[in-house]
>>> print(open('final-v8.pdb').read())   # PDB, C-alpha atoms, pLDDT in the B column
ATOM      1  CA  PRO A 130     -79.818 -78.507  34.356  1.00 66.00           C
ATOM      2  CA  ARG A 131     -83.638 -78.216  34.373  1.00 75.00           C
ATOM      3  CA  ALA A 132     -83.593 -74.976  36.341  1.00 83.00           C
ATOM      4  CA  ARG A 133     -84.507 -71.662  34.803  1.00 89.00           C
ATOM      5  CA  VAL A 134     -82.668 -68.950  36.736  1.00 93.00           C
ATOM      6  CA  LEU A 135     -83.799 -65.354  36.463  1.00 95.00           C
ATOM      7  CA  VAL A 136     -81.509 -62.706  37.940  1.00 95.00           C
ATOM      8  CA  GLY A 137     -81.204 -58.964  37.567  1.00 94.00           C
ATOM      9  CA  ALA A 138     -83.354 -57.476  34.846  1.00 95.00           C
ATOM     10  CA  GLN A 139     -84.731 -60.912  33.914  1.00 95.00           C
ATOM     11  CA  ALA A 140     -86.303 -61.368  37.351  1.00 96.00           C
ATOM     12  CA  ASN A 141     -89.380 -59.258  36.697  1.00 95.00           C
ATOM     13  CA  ARG A 142     -93.128 -59.629  37.005  1.00 93.00           C
ATOM     14  CA  ARG A 143     -93.626 -60.300  33.262  1.00 94.00           C
ATOM     15  CA  ALA A 144     -91.179 -63.231  33.347  1.00 95.00           C
ATOM     16  CA  LEU A 145     -92.880 -64.633  36.435  1.00 95.00           C
ATOM     17  CA  TRP A 146     -96.298 -64.455  34.783  1.00 94.00           C
ATOM     18  CA  ASP A 147     -94.938 -66.068  31.599  1.00 95.00           C
ATOM     19  CA  LEU A 148     -93.075 -68.920  33.311  1.00 95.00           C
ATOM     20  CA  ALA A 149     -94.624 -69.639  36.700  1.00 95.00           C
ATOM     21  CA  ALA A 150     -97.514 -71.845  35.589  1.00 94.00           C
ATOM     22  CA  ARG A 151     -95.076 -74.342  34.044  1.00 94.00           C
ATOM     23  CA  GLN A 152     -92.669 -74.634  36.972  1.00 96.00           C
ATOM     24  CA  GLY A 153     -92.578 -77.418  39.544  1.00 96.00           C
ATOM     25  CA  ILE A 154     -90.463 -75.420  41.995  1.00 97.00           C
ATOM     26  CA  ILE A 155     -90.334 -71.636  42.219  1.00 97.00           C
ATOM     27  CA  HIS A 156     -87.645 -70.095  44.403  1.00 97.00           C
ATOM     28  CA  PHE A 157     -87.485 -66.416  45.325  1.00 97.00           C
ATOM     29  CA  ALA A 158     -84.172 -65.252  46.808  1.00 95.00           C
ATOM     30  CA  THR A 159     -84.991 -61.615  47.292  1.00 94.00           C
ATOM     31  CA  TYR A 160     -86.229 -58.959  49.674  1.00 92.00           C
ATOM     32  CA  GLY A 161     -89.590 -59.320  51.414  1.00 92.00           C
ATOM     33  CA  VAL A 162     -91.721 -56.716  53.179  1.00 91.00           C
ATOM     34  CA  LEU A 163     -94.687 -57.272  55.467  1.00 88.00           C
ATOM     35  CA  ASN A 164     -97.261 -54.484  55.268  1.00 87.00           C
ATOM     36  CA  LYS A 165     -98.942 -54.945  58.632  1.00 81.00           C
ATOM     37  CA  ASP A 166    -101.428 -52.135  57.980  1.00 81.00           C
ATOM     38  CA  ASN A 167    -102.613 -53.507  54.651  1.00 85.00           C
ATOM     39  CA  PRO A 168    -101.535 -57.144  54.228  1.00 86.00           C
ATOM     40  CA  LEU A 169    -102.621 -57.359  50.588  1.00 90.00           C
ATOM     41  CA  PHE A 170     -99.696 -55.022  49.844  1.00 93.00           C
ATOM     42  CA  SER A 171     -97.020 -57.164  51.516  1.00 92.00           C
ATOM     43  CA  PHE A 172     -94.541 -58.138  48.816  1.00 95.00           C
ATOM     44  CA  VAL A 173     -91.419 -59.800  47.558  1.00 96.00           C
ATOM     45  CA  GLU A 174     -89.272 -57.606  45.391  1.00 96.00           C
ATOM     46  CA  LEU A 175     -88.648 -58.351  41.731  1.00 97.00           C
ATOM     47  CA  THR A 176     -86.827 -56.121  39.246  1.00 97.00           C
ATOM     48  CA  PRO A 177     -88.720 -52.943  38.313  1.00 96.00           C
ATOM     49  CA  GLN A 178     -89.519 -52.655  34.624  1.00 94.00           C
ATOM     50  CA  GLY A 179     -91.026 -49.555  33.022  1.00 92.00           C
ATOM     51  CA  GLU A 180     -94.184 -48.575  34.928  1.00 94.00           C
ATOM     52  CA  ASP A 181     -93.928 -51.743  37.063  1.00 94.00           C
ATOM     53  CA  ASP A 182     -92.349 -51.066  40.484  1.00 96.00           C
ATOM     54  CA  GLY A 183     -91.169 -54.674  40.803  1.00 96.00           C
ATOM     55  CA  ARG A 184     -93.249 -55.467  43.860  1.00 97.00           C
ATOM     56  CA  LEU A 185     -94.983 -58.832  43.692  1.00 97.00           C
ATOM     57  CA  GLU A 186     -97.718 -58.091  46.207  1.00 96.00           C
ATOM     58  CA  VAL A 187    -100.086 -60.515  47.908  1.00 95.00           C
ATOM     59  CA  HIS A 188    -103.037 -59.338  45.812  1.00 95.00           C
ATOM     60  CA  ASP A 189    -100.972 -60.032  42.646  1.00 96.00           C
ATOM     61  CA  VAL A 190    -100.157 -63.571  43.757  1.00 97.00           C
ATOM     62  CA  TYR A 191    -103.856 -64.367  44.147  1.00 96.00           C
ATOM     63  CA  GLY A 192    -104.086 -63.819  40.373  1.00 95.00           C
ATOM     64  CA  LEU A 193    -101.403 -66.381  39.508  1.00 96.00           C
ATOM     65  CA  ARG A 194    -102.333 -69.901  38.427  1.00 96.00           C
ATOM     66  CA  LEU A 195     -99.624 -72.274  39.596  1.00 97.00           C
ATOM     67  CA  HIS A 196     -99.072 -75.998  39.415  1.00 96.00           C
ATOM     68  CA  ALA A 197     -95.912 -75.875  41.542  1.00 97.00           C
ATOM     69  CA  ARG A 198     -95.034 -78.582  43.997  1.00 96.00           C
ATOM     70  CA  LEU A 199     -93.073 -75.998  45.977  1.00 98.00           C
ATOM     71  CA  VAL A 200     -92.644 -72.228  46.296  1.00 98.00           C
ATOM     72  CA  VAL A 201     -89.735 -71.028  48.414  1.00 98.00           C
ATOM     73  CA  LEU A 202     -89.866 -67.454  49.694  1.00 97.00           C
ATOM     74  CA  SER A 203     -86.263 -67.051  50.815  1.00 94.00           C
ATOM     75  CA  ALA A 204     -86.592 -63.486  52.041  1.00 91.00           C
ATOM     76  CA  CYS A 205     -87.241 -61.737  55.342  1.00 90.00           C
ATOM     77  CA  GLN A 206     -90.591 -62.237  57.104  1.00 88.00           C
ATOM     78  CA  THR A 207     -92.377 -63.837  54.152  1.00 92.00           C
ATOM     79  CA  GLY A 208     -94.246 -66.227  56.436  1.00 90.00           C
ATOM     80  CA  LEU A 209     -95.964 -63.533  58.466  1.00 83.00           C
ATOM     81  CA  GLY A 210     -99.487 -62.323  57.984  1.00 72.00           C
ATOM     82  CA  ALA A 211    -100.681 -58.990  59.249  1.00 58.00           C
ATOM     83  CA  GLY A 212    -102.448 -60.560  62.219  1.00 57.00           C
ATOM     84  CA  ALA A 213     -99.112 -61.723  63.583  1.00 51.00           C
ATOM     85  CA  LEU A 214     -97.920 -58.217  64.435  1.00 51.00           C
ATOM     86  CA  ALA A 215    -100.881 -55.889  64.679  1.00 52.00           C
ATOM     87  CA  ASP A 216    -104.579 -55.622  65.149  1.00 56.00           C
ATOM     88  CA  VAL A 217    -106.216 -55.593  61.747  1.00 53.00           C
ATOM     89  CA  PRO A 218    -109.819 -55.349  60.611  1.00 55.00           C
ATOM     90  CA  ALA A 219    -111.884 -58.514  60.949  1.00 54.00           C
ATOM     91  CA  GLY A 220    -111.380 -60.752  57.949  1.00 54.00           C
ATOM     92  CA  ASP A 221    -107.951 -59.339  57.094  1.00 51.00           C
ATOM     93  CA  ASP A 222    -105.995 -61.183  59.755  1.00 54.00           C
ATOM     94  CA  TRP A 223    -103.365 -63.683  58.617  1.00 64.00           C
ATOM     95  CA  VAL A 224    -103.543 -62.654  54.965  1.00 78.00           C
ATOM     96  CA  GLY A 225    -100.050 -62.995  53.592  1.00 90.00           C
ATOM     97  CA  LEU A 226     -97.771 -64.341  50.906  1.00 95.00           C
ATOM     98  CA  VAL A 227     -98.005 -67.957  52.063  1.00 95.00           C
ATOM     99  CA  ASP A 228    -101.791 -68.011  51.852  1.00 93.00           C
ATOM    100  CA  ALA A 229    -101.690 -66.300  48.471  1.00 96.00           C
ATOM    101  CA  PHE A 230     -99.247 -68.822  46.956  1.00 97.00           C
ATOM    102  CA  LEU A 231    -101.247 -71.741  48.338  1.00 96.00           C
ATOM    103  CA  PHE A 232    -104.426 -70.226  46.880  1.00 96.00           C
ATOM    104  CA  ALA A 233    -102.648 -69.747  43.537  1.00 97.00           C
ATOM    105  CA  GLY A 234    -101.971 -73.481  43.387  1.00 97.00           C
ATOM    106  CA  ALA A 235     -98.670 -74.196  45.120  1.00 98.00           C
ATOM    107  CA  SER A 236     -98.747 -77.448  47.079  1.00 98.00           C
ATOM    108  CA  HIS A 237     -96.123 -76.309  49.614  1.00 98.00           C
ATOM    109  CA  VAL A 238     -94.616 -72.963  50.576  1.00 98.00           C
ATOM    110  CA  VAL A 239     -91.407 -72.418  52.534  1.00 98.00           C
ATOM    111  CA  ALA A 240     -91.318 -68.977  54.143  1.00 97.00           C
ATOM    112  CA  THR A 241     -89.629 -67.142  57.005  1.00 95.00           C
ATOM    113  CA  LEU A 242     -90.851 -65.719  60.288  1.00 93.00           C
ATOM    114  CA  TRP A 243     -88.122 -63.123  60.818  1.00 92.00           C
ATOM    115  CA  PRO A 244     -85.225 -61.432  59.011  1.00 93.00           C
ATOM    116  CA  VAL A 245     -82.792 -64.035  57.708  1.00 94.00           C
ATOM    117  CA  GLN A 246     -79.010 -63.963  57.327  1.00 95.00           C
ATOM    118  CA  ASP A 247     -77.843 -64.425  53.717  1.00 94.00           C
ATOM    119  CA  ARG A 248     -74.965 -66.887  54.181  1.00 96.00           C
ATOM    120  CA  ALA A 249     -76.792 -69.103  56.647  1.00 97.00           C
ATOM    121  CA  THR A 250     -79.863 -69.080  54.399  1.00 97.00           C
ATOM    122  CA  ALA A 251     -77.757 -70.100  51.389  1.00 97.00           C
ATOM    123  CA  ASP A 252     -76.362 -73.012  53.413  1.00 98.00           C
ATOM    124  CA  LEU A 253     -79.810 -74.067  54.622  1.00 98.00           C
ATOM    125  CA  MET A 254     -81.247 -73.882  51.093  1.00 98.00           C
ATOM    126  CA  THR A 255     -78.345 -75.886  49.641  1.00 98.00           C
ATOM    127  CA  ARG A 256     -79.007 -78.630  52.186  1.00 98.00           C
ATOM    128  CA  PHE A 257     -82.768 -78.416  51.641  1.00 98.00           C
ATOM    129  CA  TYR A 258     -82.521 -78.835  47.871  1.00 97.00           C
ATOM    130  CA  ALA A 259     -79.933 -81.620  48.183  1.00 98.00           C
ATOM    131  CA  ALA A 260     -82.442 -83.553  50.296  1.00 98.00           C
ATOM    132  CA  ILE A 261     -85.255 -82.801  47.825  1.00 97.00           C
ATOM    133  CA  ASN A 262     -83.047 -84.042  44.969  1.00 95.00           C
ATOM    134  CA  ALA A 263     -82.304 -87.190  46.989  1.00 97.00           C
ATOM    135  CA  GLY A 264     -86.046 -87.920  47.057  1.00 97.00           C
ATOM    136  CA  GLU A 265     -86.969 -86.609  50.500  1.00 98.00           C
ATOM    137  CA  SER A 266     -90.345 -84.952  50.993  1.00 97.00           C
ATOM    138  CA  GLU A 267     -90.443 -81.208  51.565  1.00 97.00           C
ATOM    139  CA  VAL A 268     -91.060 -81.634  55.288  1.00 97.00           C
ATOM    140  CA  GLN A 269     -88.229 -84.156  55.665  1.00 98.00           C
ATOM    141  CA  ALA A 270     -85.869 -82.030  53.579  1.00 98.00           C
ATOM    142  CA  LEU A 271     -86.510 -78.895  55.639  1.00 98.00           C
ATOM    143  CA  ALA A 272     -86.161 -80.791  58.929  1.00 98.00           C
ATOM    144  CA  GLU A 273     -82.868 -82.352  57.793  1.00 98.00           C
ATOM    145  CA  ALA A 274     -81.503 -78.992  56.659  1.00 98.00           C
ATOM    146  CA  GLN A 275     -82.500 -77.367  59.947  1.00 98.00           C
ATOM    147  CA  ARG A 276     -80.929 -80.175  62.010  1.00 98.00           C
ATOM    148  CA  ALA A 277     -77.693 -79.822  60.017  1.00 98.00           C
ATOM    149  CA  MET A 278     -77.644 -76.102  60.778  1.00 98.00           C
ATOM    150  CA  LEU A 279     -78.225 -76.868  64.458  1.00 98.00           C
ATOM    151  CA  ARG A 280     -75.233 -79.232  64.511  1.00 98.00           C
ATOM    152  CA  ASN A 281     -72.919 -76.564  63.068  1.00 98.00           C
ATOM    153  CA  PRO A 282     -71.577 -74.347  65.899  1.00 98.00           C
ATOM    154  CA  ALA A 283     -71.545 -71.322  63.558  1.00 97.00           C
ATOM    155  CA  THR A 284     -75.282 -71.647  62.829  1.00 98.00           C
ATOM    156  CA  ALA A 285     -76.555 -73.508  65.892  1.00 98.00           C
ATOM    157  CA  HIS A 286     -78.460 -70.517  67.248  1.00 98.00           C
ATOM    158  CA  PRO A 287     -82.148 -70.786  66.245  1.00 97.00           C
ATOM    159  CA  PHE A 288     -81.941 -67.368  64.558  1.00 97.00           C
ATOM    160  CA  TYR A 289     -80.187 -69.027  61.611  1.00 97.00           C
ATOM    161  CA  TRP A 290     -82.576 -71.897  60.941  1.00 97.00           C
ATOM    162  CA  ALA A 291     -85.728 -71.942  63.082  1.00 97.00           C
ATOM    163  CA  GLY A 292     -87.521 -69.128  61.242  1.00 96.00           C
ATOM    164  CA  PHE A 293     -88.073 -71.251  58.132  1.00 97.00           C
ATOM    165  CA  THR A 294     -91.536 -72.802  57.994  1.00 97.00           C
ATOM    166  CA  LEU A 295     -93.289 -75.140  55.617  1.00 97.00           C
ATOM    167  CA  SER A 296     -96.985 -74.763  54.862  1.00 96.00           C
ATOM    168  CA  GLY A 297     -99.271 -76.724  52.604  1.00 95.00           C
ATOM    169  CA  GLY A 298    -100.294 -80.243  51.729  1.00 80.00           C
ATOM    170  CA  GLN A 299     -98.786 -83.574  52.508  1.00 59.00           C
TER     171      GLN A 299
END
>>> encode(input="final-v8.pdb", output="structure tokens")
Amino acid sequence: PRARVLVGAQANRRALWDLAARQGIIHFATYGVLNKDNPLFSFVELTPQGEDDGRLEVHDVYGLRLHARLVVLSACQTGLGAGALADVPAGDDWVGLVDAFLFAGASHVVATLWPVQDRATADLMTRFYAAINAGESEVQALAEAQRAMLRNPATAHPFYWAGFTLSGGQ
């Protein structure tokens, strides 16, 4: 009941800028792109609006001021920095969405290391948030959700659960 859900046209950069600073948990269920040649232009996709292309790029995130306990980047390859896949100029390695959200003020960031499957991700996230709501820490909640996926024969393969990482404070 406390959640503010933005979908479709409402899920745009303006809404994020207006609301993000007041949110304890920010969850992106969208499309993510790693720009290995220029990591500051890696992005998660929001809804385009007017002149805005809808891309929330790493350099944009550095401009946010968050007080969020948790940011979840439930999209493909959001946990990768450019240094993970290619040689990049000195000083640019490992720049990515996770670092940007931590810099912007998020205490924890959940992100992915490879493309994720929608249904399995929905199941993992449902379990993750149920554990959070039960009072578990972010690290405990993610571990419990991943172990549950491992126990299910349909999602036991690491592809479905092992790519989710947690970064940030304690």
>>> residues_near_point(input="final-v8.pdb", point="(-84.9, -71.6, 61.4)", cutoff="10 Å", atoms="only C-alpha atoms", output="list in words")
Thr241, Leu242, Trp243, Val245, Ala249, Thr250, Leu253, Leu271, Ala272, Ala274, Gln275, Arg276, Met278, Leu279, Thr284, Ala285, His286, Pro287, Phe288, Tyr289, Trp290, Ala291, Gly292, Phe293 and Thr294 of chain A
>>> resolve_selection(input="final-v8.pdb", expression="the PyMOL selection byres ((chain A and resi 183) around 10)", output="number ranges by chain")
A: 140-143, 172-182, 184-186
>>> write_last_selection(input="final-v8.pdb", atoms="C-alpha atoms", output="PDB file, in the coordinates of the input")
ATOM      1  CA  ALA A 140     -86.303 -61.368  37.351  1.00 96.00           C
ATOM      2  CA  ASN A 141     -89.380 -59.258  36.697  1.00 95.00           C
ATOM      3  CA  ARG A 142     -93.128 -59.629  37.005  1.00 93.00           C
ATOM      4  CA  ARG A 143     -93.626 -60.300  33.262  1.00 94.00           C
ATOM      5  CA  PHE A 172     -94.541 -58.138  48.816  1.00 95.00           C
ATOM      6  CA  VAL A 173     -91.419 -59.800  47.558  1.00 96.00           C
ATOM      7  CA  GLU A 174     -89.272 -57.606  45.391  1.00 96.00           C
ATOM      8  CA  LEU A 175     -88.648 -58.351  41.731  1.00 97.00           C
ATOM      9  CA  THR A 176     -86.827 -56.121  39.246  1.00 97.00           C
ATOM     10  CA  PRO A 177     -88.720 -52.943  38.313  1.00 96.00           C
ATOM     11  CA  GLN A 178     -89.519 -52.655  34.624  1.00 94.00           C
ATOM     12  CA  GLY A 179     -91.026 -49.555  33.022  1.00 92.00           C
ATOM     13  CA  GLU A 180     -94.184 -48.575  34.928  1.00 94.00           C
ATOM     14  CA  ASP A 181     -93.928 -51.743  37.063  1.00 94.00           C
ATOM     15  CA  ASP A 182     -92.349 -51.066  40.484  1.00 96.00           C
ATOM     16  CA  ARG A 184     -93.249 -55.467  43.860  1.00 97.00           C
ATOM     17  CA  LEU A 185     -94.983 -58.832  43.692  1.00 97.00           C
ATOM     18  CA  GLU A 186     -97.718 -58.091  46.207  1.00 96.00           C
TER      19      GLU A 186
END
>>> closest_residue(input="final-v8.pdb", among="A:Val268, A:Leu226, A:Ile154, A:Leu193", to="A:Thr207", atoms="all atoms listed in the file")
A:Leu226
>>> resolve_selection(input="final-v8.pdb", expression="the PyMOL selection byres ((chain A and resi 229-233) around 8)", output="ChimeraX atom specification")
/A:187-188,190-195,200,224-228,234-238,297
>>> atom_distance(input="final-v8.pdb", atom1="atom CA of A:Arg198", atom2="atom CA of A:Ala138")
25.8 Å
>>> atom_distance(input="final-v8.pdb", atom1="atom CA of A:Ala132", atom2="atom CA of A:His156")
10.3 Å
>>> closest_residue(input="final-v8.pdb", among="A:Ala270, A:Arg256, A:Gly264, A:Arg248", to="A:Ala283", atoms="all atoms listed in the file")
A:Arg248
>>> atom_distance(input="final-v8.pdb", atom1="atom CA of A:Glu265", atom2="atom CA of A:Arg151")
22.1 Å
>>> closest_residue(input="final-v8.pdb", among="A:Ser296, A:Asn281, A:Gln152, A:Asn262", to="A:Leu202", atoms="all atoms listed in the file")
A:Ser296
>>> build_atoms(input="final-v8.pdb", residues="stretch 158-192 of chain A", atoms="N, CA and C atoms", output="PDB file, keeping the file's coordinate frame")
ATOM      1  N   ALA A 158     -85.251 -65.675  45.912  1.00 95.00           N
ATOM      2  CA  ALA A 158     -84.172 -65.252  46.808  1.00 95.00           C
ATOM      3  C   ALA A 158     -84.097 -63.741  46.642  1.00 95.00           C
ATOM      4  N   THR A 159     -84.795 -63.042  47.504  1.00 94.00           N
ATOM      5  CA  THR A 159     -84.991 -61.615  47.292  1.00 94.00           C
ATOM      6  C   THR A 159     -85.275 -60.932  48.614  1.00 94.00           C
ATOM      7  N   TYR A 160     -85.879 -59.790  48.535  1.00 92.00           N
ATOM      8  CA  TYR A 160     -86.229 -58.959  49.674  1.00 92.00           C
ATOM      9  C   TYR A 160     -87.730 -59.033  49.883  1.00 92.00           C
ATOM     10  N   GLY A 161     -88.167 -59.263  51.116  1.00 92.00           N
ATOM     11  CA  GLY A 161     -89.590 -59.320  51.414  1.00 92.00           C
ATOM     12  C   GLY A 161     -89.995 -58.260  52.416  1.00 92.00           C
ATOM     13  N   VAL A 162     -91.209 -57.750  52.279  1.00 91.00           N
ATOM     14  CA  VAL A 162     -91.721 -56.716  53.179  1.00 91.00           C
ATOM     15  C   VAL A 162     -93.132 -57.075  53.617  1.00 91.00           C
ATOM     16  N   LEU A 163     -93.354 -57.083  54.911  1.00 88.00           N
ATOM     17  CA  LEU A 163     -94.687 -57.272  55.467  1.00 88.00           C
ATOM     18  C   LEU A 163     -95.330 -55.905  55.645  1.00 88.00           C
ATOM     19  N   ASN A 164     -96.499 -55.710  55.059  1.00 87.00           N
ATOM     20  CA  ASN A 164     -97.261 -54.484  55.268  1.00 87.00           C
ATOM     21  C   ASN A 164     -98.335 -54.822  56.297  1.00 87.00           C
ATOM     22  N   LYS A 165     -98.026 -54.550  57.563  1.00 81.00           N
ATOM     23  CA  LYS A 165     -98.942 -54.945  58.632  1.00 81.00           C
ATOM     24  C   LYS A 165    -100.233 -54.130  58.645  1.00 81.00           C
ATOM     25  N   ASP A 166    -100.220 -52.956  58.032  1.00 81.00           N
ATOM     26  CA  ASP A 166    -101.428 -52.135  57.980  1.00 81.00           C
ATOM     27  C   ASP A 166    -102.370 -52.546  56.859  1.00 81.00           C
ATOM     28  N   ASN A 167    -101.807 -53.053  55.777  1.00 85.00           N
ATOM     29  CA  ASN A 167    -102.613 -53.507  54.651  1.00 85.00           C
ATOM     30  C   ASN A 167    -101.942 -54.741  54.060  1.00 85.00           C
ATOM     31  N   PRO A 168    -102.261 -55.919  54.586  1.00 86.00           N
ATOM     32  CA  PRO A 168    -101.535 -57.144  54.228  1.00 86.00           C
ATOM     33  C   PRO A 168    -101.579 -57.507  52.748  1.00 86.00           C
ATOM     34  N   LEU A 169    -102.566 -57.056  52.021  1.00 90.00           N
ATOM     35  CA  LEU A 169    -102.621 -57.359  50.588  1.00 90.00           C
ATOM     36  C   LEU A 169    -101.501 -56.666  49.818  1.00 90.00           C
ATOM     37  N   PHE A 170    -100.801 -55.733  50.472  1.00 93.00           N
ATOM     38  CA  PHE A 170     -99.696 -55.022  49.844  1.00 93.00           C
ATOM     39  C   PHE A 170     -98.337 -55.454  50.390  1.00 93.00           C
ATOM     40  N   SER A 171     -98.293 -56.542  51.175  1.00 92.00           N
ATOM     41  CA  SER A 171     -97.020 -57.164  51.516  1.00 92.00           C
ATOM     42  C   SER A 171     -96.441 -57.690  50.212  1.00 92.00           C
ATOM     43  N   PHE A 172     -95.113 -57.773  50.116  1.00 95.00           N
ATOM     44  CA  PHE A 172     -94.541 -58.138  48.816  1.00 95.00           C
ATOM     45  C   PHE A 172     -93.176 -58.786  48.914  1.00 95.00           C
ATOM     46  N   VAL A 173     -92.800 -59.445  47.833  1.00 96.00           N
ATOM     47  CA  VAL A 173     -91.419 -59.800  47.558  1.00 96.00           C
ATOM     48  C   VAL A 173     -91.002 -58.946  46.374  1.00 96.00           C
ATOM     49  N   GLU A 174     -89.745 -58.561  46.392  1.00 96.00           N
ATOM     50  CA  GLU A 174     -89.272 -57.606  45.391  1.00 96.00           C
ATOM     51  C   GLU A 174     -88.696 -58.309  44.168  1.00 96.00           C
ATOM     52  N   LEU A 175     -89.205 -57.939  43.011  1.00 97.00           N
ATOM     53  CA  LEU A 175     -88.648 -58.351  41.731  1.00 97.00           C
ATOM     54  C   LEU A 175     -87.991 -57.124  41.106  1.00 97.00           C
ATOM     55  N   THR A 176     -87.478 -57.247  39.906  1.00 97.00           N
ATOM     56  CA  THR A 176     -86.827 -56.121  39.246  1.00 97.00           C
ATOM     57  C   THR A 176     -87.874 -55.187  38.631  1.00 97.00           C
ATOM     58  N   PRO A 177     -87.805 -53.892  38.953  1.00 96.00           N
ATOM     59  CA  PRO A 177     -88.720 -52.943  38.313  1.00 96.00           C
ATOM     60  C   PRO A 177     -88.507 -52.928  36.799  1.00 96.00           C
ATOM     61  N   GLN A 178     -89.590 -52.687  36.082  1.00 94.00           N
ATOM     62  CA  GLN A 178     -89.519 -52.655  34.624  1.00 94.00           C
ATOM     63  C   GLN A 178     -90.562 -51.665  34.120  1.00 94.00           C
ATOM     64  N   GLY A 179     -90.103 -50.570  33.529  1.00 92.00           N
ATOM     65  CA  GLY A 179     -91.026 -49.555  33.022  1.00 92.00           C
ATOM     66  C   GLY A 179     -91.900 -48.992  34.127  1.00 92.00           C
ATOM     67  N   GLU A 180     -93.215 -49.074  33.938  1.00 94.00           N
ATOM     68  CA  GLU A 180     -94.184 -48.575  34.928  1.00 94.00           C
ATOM     69  C   GLU A 180     -94.316 -49.511  36.133  1.00 94.00           C
ATOM     70  N   ASP A 181     -93.824 -50.731  36.012  1.00 94.00           N
ATOM     71  CA  ASP A 181     -93.928 -51.743  37.063  1.00 94.00           C
ATOM     72  C   ASP A 181     -92.864 -51.493  38.136  1.00 94.00           C
ATOM     73  N   ASP A 182     -93.283 -51.351  39.397  1.00 96.00           N
ATOM     74  CA  ASP A 182     -92.349 -51.066  40.484  1.00 96.00           C
ATOM     75  C   ASP A 182     -91.577 -52.296  40.969  1.00 96.00           C
ATOM     76  N   GLY A 183     -91.885 -53.467  40.438  1.00 96.00           N
ATOM     77  CA  GLY A 183     -91.169 -54.674  40.803  1.00 96.00           C
ATOM     78  C   GLY A 183     -91.707 -55.387  42.026  1.00 96.00           C
ATOM     79  N   ARG A 184     -92.691 -54.843  42.654  1.00 97.00           N
ATOM     80  CA  ARG A 184     -93.249 -55.467  43.860  1.00 97.00           C
ATOM     81  C   ARG A 184     -94.279 -56.532  43.474  1.00 97.00           C
ATOM     82  N   LEU A 185     -94.004 -57.766  43.862  1.00 97.00           N
ATOM     83  CA  LEU A 185     -94.983 -58.832  43.692  1.00 97.00           C
ATOM     84  C   LEU A 185     -95.765 -58.889  45.002  1.00 97.00           C
ATOM     85  N   GLU A 186     -96.926 -58.243  44.993  1.00 96.00           N
ATOM     86  CA  GLU A 186     -97.718 -58.091  46.207  1.00 96.00           C
ATOM     87  C   GLU A 186     -98.698 -59.243  46.371  1.00 96.00           C
ATOM     88  N   VAL A 187     -99.161 -59.428  47.590  1.00 95.00           N
ATOM     89  CA  VAL A 187    -100.086 -60.515  47.908  1.00 95.00           C
ATOM     90  C   VAL A 187    -101.269 -60.523  46.946  1.00 95.00           C
ATOM     91  N   HIS A 188    -101.870 -59.375  46.698  1.00 95.00           N
ATOM     92  CA  HIS A 188    -103.037 -59.338  45.812  1.00 95.00           C
ATOM     93  C   HIS A 188    -102.679 -59.773  44.395  1.00 95.00           C
ATOM     94  N   ASP A 189    -101.421 -59.551  43.955  1.00 96.00           N
ATOM     95  CA  ASP A 189    -100.972 -60.032  42.646  1.00 96.00           C
ATOM     96  C   ASP A 189    -100.889 -61.551  42.618  1.00 96.00           C
ATOM     97  N   VAL A 190    -100.365 -62.123  43.686  1.00 97.00           N
ATOM     98  CA  VAL A 190    -100.157 -63.571  43.757  1.00 97.00           C
ATOM     99  C   VAL A 190    -101.491 -64.304  43.663  1.00 97.00           C
ATOM    100  N   TYR A 191    -102.534 -63.736  44.245  1.00 96.00           N
ATOM    101  CA  TYR A 191    -103.856 -64.367  44.147  1.00 96.00           C
ATOM    102  C   TYR A 191    -104.300 -64.523  42.691  1.00 96.00           C
ATOM    103  N   GLY A 192    -103.742 -63.731  41.791  1.00 95.00           N
ATOM    104  CA  GLY A 192    -104.086 -63.819  40.373  1.00 95.00           C
ATOM    105  C   GLY A 192    -103.263 -64.823  39.591  1.00 95.00           C
TER     106      GLY A 192
END
